[in-house]
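Enquirer: Got a structure for you, questions after.
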Amino acid sequence: PILLLQAFCLYHAYRNNAEQRWYWFIFLLPGVGSALYLFHHFYNRKSISTITESVKGLMDSNYQIGQLEKELRFSDNLKNRMALAEAYVDFGRYPDAIKLYQVSLTGFMADDPGLRMKLLHAHFLNQDYSQVIAIGDELEQVKEKTFRQAEQRLAYAWALHRSGKTDLANTIFQDMDKPFTNYRHRMEYCKFLHHIGSTQELRTKLSDLLEEFEHVRDAERKLYRDVIRQTREFASSLAIK
């Protein structure tokens, strides 16, 4: 094994034009030298790359948010508030996004369903399920059409379940369970059924979805490729075909 490891390291060093010192390490200290070489060129390089990407991502997010904050200070209008709030959501600053959405729910925007759904989603990501339910209940009571099939309604259903209102959550999921549409909603319904242990219904719903995927048009397949892939992976993990 030591000779094989030594041979691999020498070959890799040759192919990648490694520094000459590594040849001496590998030749004179076959075991330790080879281990050091592998650590430096594989594990260590990967760790440095990961750290570098994380730092770059943090710097980019801070720069982007900083620019949007400047624009809002220069001109405090709805457009700039929404742009900054969405950036806060993207980078996990949910309380900051919630504040901006709440400030915007005034005047002619006080009852805007789109803005209220954004606020609902931000509360869900912030794990404030009581606020999610409060907003969702209002949208349900006024029978807001844009909310009926919106993905934010999934957050409302999950919030109900996580607050002990599983039967009501099931009713919401069932209402969004429409054949040949609402693929993401139905995928979430399958996850919900798995979560509550409704195995037989889960198998039926997943089988129906997988069957429908075999007949969707190419344009739809491209549009829903992520949810199709996720559904198939989920079904595969449960040994459902």
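Just remember, in the structure tokens the first chain shown is A, the second B, etc., residues are 1-based per chain, and ligands are 1-based in the order shown.
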For Asp175 (chain A), please output as a PyMOL selection string all residues within 10 Å (counting only C-alpha atoms; exclusion window: fewer than 4 positions along the same chain).

Expert: chain A and resi 148-149+169-171+185

Enquirer: Would you put the residues from that selection into a file with N, CA, C and O atoms, as a PDB file, in the first residue's frame?

Expert:
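Result file follows (result_16.pdb):
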ATOM      1  N   ARG A 148     -54.549  31.746  -3.670  1.00  0.00           N
ATOM      2  CA  ARG A 148     -55.068  30.380  -3.726  1.00  0.00           C
ATOM      3  C   ARG A 148     -54.032  29.378  -4.219  1.00  0.00           C
ATOM      4  O   ARG A 148     -53.905  28.279  -3.671  1.00  0.00           O
ATOM      5  N   GLN A 149     -53.295  29.751  -5.265  1.00  0.00           N
ATOM      6  CA  GLN A 149     -52.314  28.832  -5.837  1.00  0.00           C
ATOM      7  C   GLN A 149     -50.876  29.357  -5.683  1.00  0.00           C
ATOM      8  O   GLN A 149     -49.953  28.829  -6.302  1.00  0.00           O
ATOM      9  N   ALA A 169     -54.059  22.202   7.966  1.00  0.00           N
ATOM     10  CA  ALA A 169     -52.954  22.209   6.996  1.00  0.00           C
ATOM     11  C   ALA A 169     -53.230  21.213   5.879  1.00  0.00           C
ATOM     12  O   ALA A 169     -53.012  21.509   4.696  1.00  0.00           O
ATOM     13  N   ASN A 170     -53.735  20.047   6.248  1.00  0.00           N
ATOM     14  CA  ASN A 170     -54.054  19.022   5.252  1.00  0.00           C
ATOM     15  C   ASN A 170     -55.133  19.513   4.287  1.00  0.00           C
ATOM     16  O   ASN A 170     -55.065  19.258   3.081  1.00  0.00           O
ATOM     17  N   THR A 171     -56.099  20.243   4.797  1.00  0.00           N
ATOM     18  CA  THR A 171     -57.164  20.799   3.957  1.00  0.00           C
ATOM     19  C   THR A 171     -56.589  21.793   2.950  1.00  0.00           C
ATOM     20  O   THR A 171     -56.990  21.802   1.776  1.00  0.00           O
ATOM     21  N   HIS A 185     -46.432  22.558  -5.383  1.00  0.00           N
ATOM     22  CA  HIS A 185     -47.386  22.432  -4.286  1.00  0.00           C
ATOM     23  C   HIS A 185     -47.618  20.956  -3.948  1.00  0.00           C
ATOM     24  O   HIS A 185     -47.669  20.570  -2.773  1.00  0.00           O
TER      25      HIS A 185
END

Enquirer: Using only C-alpha atoms, which residues sit within 9 Å of Lys205 (chain A) once same-chain residues fewer than 2 positions away are excluded, as a ChimeraX atom specification?

Expert: /A:186-187,189-190,200-203,207-210

Enquirer: List every residue of region 40-228 of chain A that DSSP, applied to the backbone of this structure, assigns to alpha helix (DSSP H), and report them as a PyMOL selection string.

Expert: chain A and resi 44-74+78-90+94-104+113-125+129-141+145-148+152-162+166-175+183-196+199-213+218-223+225-228

Enquirer: Residues of region 50-135 of chain A that have any atom at most 12 Å from an atom of region 164-167 of chain A: could you tabulate them with the shortest-distance atom pair and the distance in Å to one decimal, using only C-alpha atoms, ordered by chain and increasing number, as JSON lines?

Expert:
{"residue": "A:Tyr129", "atom": "CA", "partner": "A:Gly164", "partner_atom": "CA", "distance": 10.8}
{"residue": "A:Ser130", "atom": "CA", "partner": "A:Gly164", "partner_atom": "CA", "distance": 11.2}
{"residue": "A:Ile133", "atom": "CA", "partner": "A:Lys165", "partner_atom": "CA", "distance": 10.3}

Enquirer: Take the selection from the previous step and output its residues with N, CA, C and O atoms, as an mmCIF file, in the first residue's frame.

Expert:
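The result, stored in result24.cif:
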data_model
loop_
_atom_site.group_PDB
_atom_site.id
_atom_site.type_symbol
_atom_site.label_atom_id
_atom_site.label_comp_id
_atom_site.auth_asym_id
_atom_site.auth_seq_id
_atom_site.Cartn_x
_atom_site.Cartn_y
_atom_site.Cartn_z
ATOM 1 N N TYR A 129 -44.303 31.511 13.161
ATOM 2 C CA TYR A 129 -45.467 30.870 12.552
ATOM 3 C C TYR A 129 -46.787 31.523 12.948
ATOM 4 O O TYR A 129 -47.752 31.471 12.188
ATOM 5 N N SER A 130 -46.849 32.143 14.115
ATOM 6 C CA SER A 130 -48.088 32.812 14.514
ATOM 7 C C SER A 130 -48.396 33.980 13.578
ATOM 8 O O SER A 130 -49.561 34.204 13.216
ATOM 9 N N ILE A 133 -49.605 32.574 10.210
ATOM 10 C CA ILE A 133 -51.000 32.150 10.277
ATOM 11 C C ILE A 133 -51.937 33.349 10.303
ATOM 12 O O ILE A 133 -52.997 33.338 9.656
#

Enquirer: Counting only C-alpha atoms, which of A:Ala97, A:Ala134, A:Val32, A:Leu139 gets nearest to Gly114 (chain A)?

Expert: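 Closest to Gly114 (chain A), using only C-alpha atoms: A:Leu139.
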
Enquirer: Which distance in Å separates CA of Ala239 (chain A) and CA of Leu206 (chain A), to one decimal?

Expert: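 If I compute the distance from CA of Ala239 (chain A) to CA of Leu206 (chain A), I get 10.9 Å.
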
Enquirer: What's the 12 Å shell around Glu144 (chain A), counting only C-alpha atoms, without same-chain residues fewer than 6 positions away, as a list in words?

Expert: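 Using only C-alpha atoms, the neighbours found are Asp111, Asp112, Pro113, Gly114, Arg116, Met117, Ile135, Gly136, Asp137, Glu138, Ala150 and Arg153 of chain A.
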
Enquirer: Could you write out the selected residues, including N, CA, C and O atoms, as a compact mmCIF listing (two decimals), in the first residue's frame?

Expert:
# COMPACT_ATOMS: atom_id res chain seq x y z
N ASP A 111 -53.57 47.16 1.85
CA ASP A 111 -54.22 45.87 1.64
C ASP A 111 -53.69 45.14 0.41
O ASP A 111 -54.36 44.23 -0.11
N ASP A 112 -52.51 45.51 -0.03
CA ASP A 112 -51.96 44.89 -1.23
C ASP A 112 -51.65 43.41 -0.97
O ASP A 112 -50.82 43.09 -0.10
N PRO A 113 -52.27 42.49 -1.71
CA PRO A 113 -52.07 41.05 -1.44
C PRO A 113 -50.64 40.59 -1.72
O PRO A 113 -50.10 39.75 -0.99
N GLY A 114 -50.03 41.13 -2.77
CA GLY A 114 -48.66 40.72 -3.10
C GLY A 114 -47.69 41.07 -1.99
O GLY A 114 -46.81 40.27 -1.64
N ARG A 116 -48.45 41.60 1.18
CA ARG A 116 -48.77 40.79 2.37
C ARG A 116 -48.22 39.37 2.23
O ARG A 116 -47.78 38.76 3.21
N MET A 117 -48.23 38.85 1.01
CA MET A 117 -47.66 37.51 0.81
C MET A 117 -46.14 37.52 0.98
O MET A 117 -45.57 36.56 1.49
N ILE A 135 -51.55 36.33 8.95
CA ILE A 135 -51.66 36.90 7.61
C ILE A 135 -52.39 35.94 6.68
O ILE A 135 -53.25 36.33 5.88
N GLY A 136 -52.05 34.66 6.78
CA GLY A 136 -52.69 33.66 5.94
C GLY A 136 -54.18 33.57 6.19
O GLY A 136 -54.97 33.44 5.25
N ASP A 137 -54.59 33.66 7.46
CA ASP A 137 -56.01 33.62 7.80
C ASP A 137 -56.76 34.78 7.14
O ASP A 137 -57.87 34.61 6.63
N GLU A 138 -56.15 35.96 7.16
CA GLU A 138 -56.78 37.13 6.55
C GLU A 138 -56.95 36.93 5.05
O GLU A 138 -58.01 37.24 4.49
N ALA A 150 -50.70 30.39 -4.86
CA ALA A 150 -49.36 30.96 -4.66
C ALA A 150 -48.50 30.04 -3.80
O ALA A 150 -49.01 29.31 -2.94
N ARG A 153 -48.76 30.16 -0.03
CA ARG A 153 -49.78 29.39 0.67
C ARG A 153 -49.21 28.08 1.22
O ARG A 153 -49.74 27.53 2.18

Enquirer: Which neighbours of region 61-76 of chain A fall inside 12 Å, counting only C-alpha atoms, when residues of the same chain fewer than 3 positions from it are skipped, and could you give them as a list in words?

Expert: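 My list of contacting residues is Ser54, Val55, Lys56, Gly57, Leu58, Lys79, Asn80, Arg81, Met82, Ala83, Leu84, Ala85, Glu86, Ala87, Tyr88, Val89, Asp90, Phe91, Gly92, Arg93, Asp96, Ala97, Leu100, Val103 and Ser104 of chain A.
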
Enquirer: Give me the residues within 8 Å of region 8-11 of chain A as number ranges by chain, counting only C-alpha atoms and dropping any in the same chain fewer than 5 places off.

Expert: A: 23, 26, 34, 37-38

Enquirer: Could you save the residues just selected, with N, CA and C atoms, as a JSON list (two decimals), in the first residue's frame?

Expert:
[["chain", "number", "residue", "atom", "x", "y", "z"],
["A", 23, "TYR", "N", 9.00, 15.98, -4.24],
["A", 23, "TYR", "CA", 9.60, 14.73, -4.69],
["A", 23, "TYR", "C", 10.51, 14.16, -3.60],
["A", 26, "ILE", "N", 8.41, 12.69, -0.78],
["A", 26, "ILE", "CA", 7.79, 11.41, -1.14],
["A", 26, "ILE", "C", 8.83, 10.30, -1.23],
["A", 34, "SER", "N", 4.06, 11.17, 1.63],
["A", 34, "SER", "CA", 2.88, 11.01, 0.78],
["A", 34, "SER", "C", 1.63, 11.56, 1.45],
["A", 37, "TYR", "N", 1.70, 15.28, 1.29],
["A", 37, "TYR", "CA", 1.41, 15.72, -0.08],
["A", 37, "TYR", "C", -0.10, 15.66, -0.35],
["A", 38, "LEU", "N", -0.74, 14.57, 0.03],
["A", 38, "LEU", "CA", -2.18, 14.43, -0.19],
["A", 38, "LEU", "C", -2.95, 15.49, 0.59]]
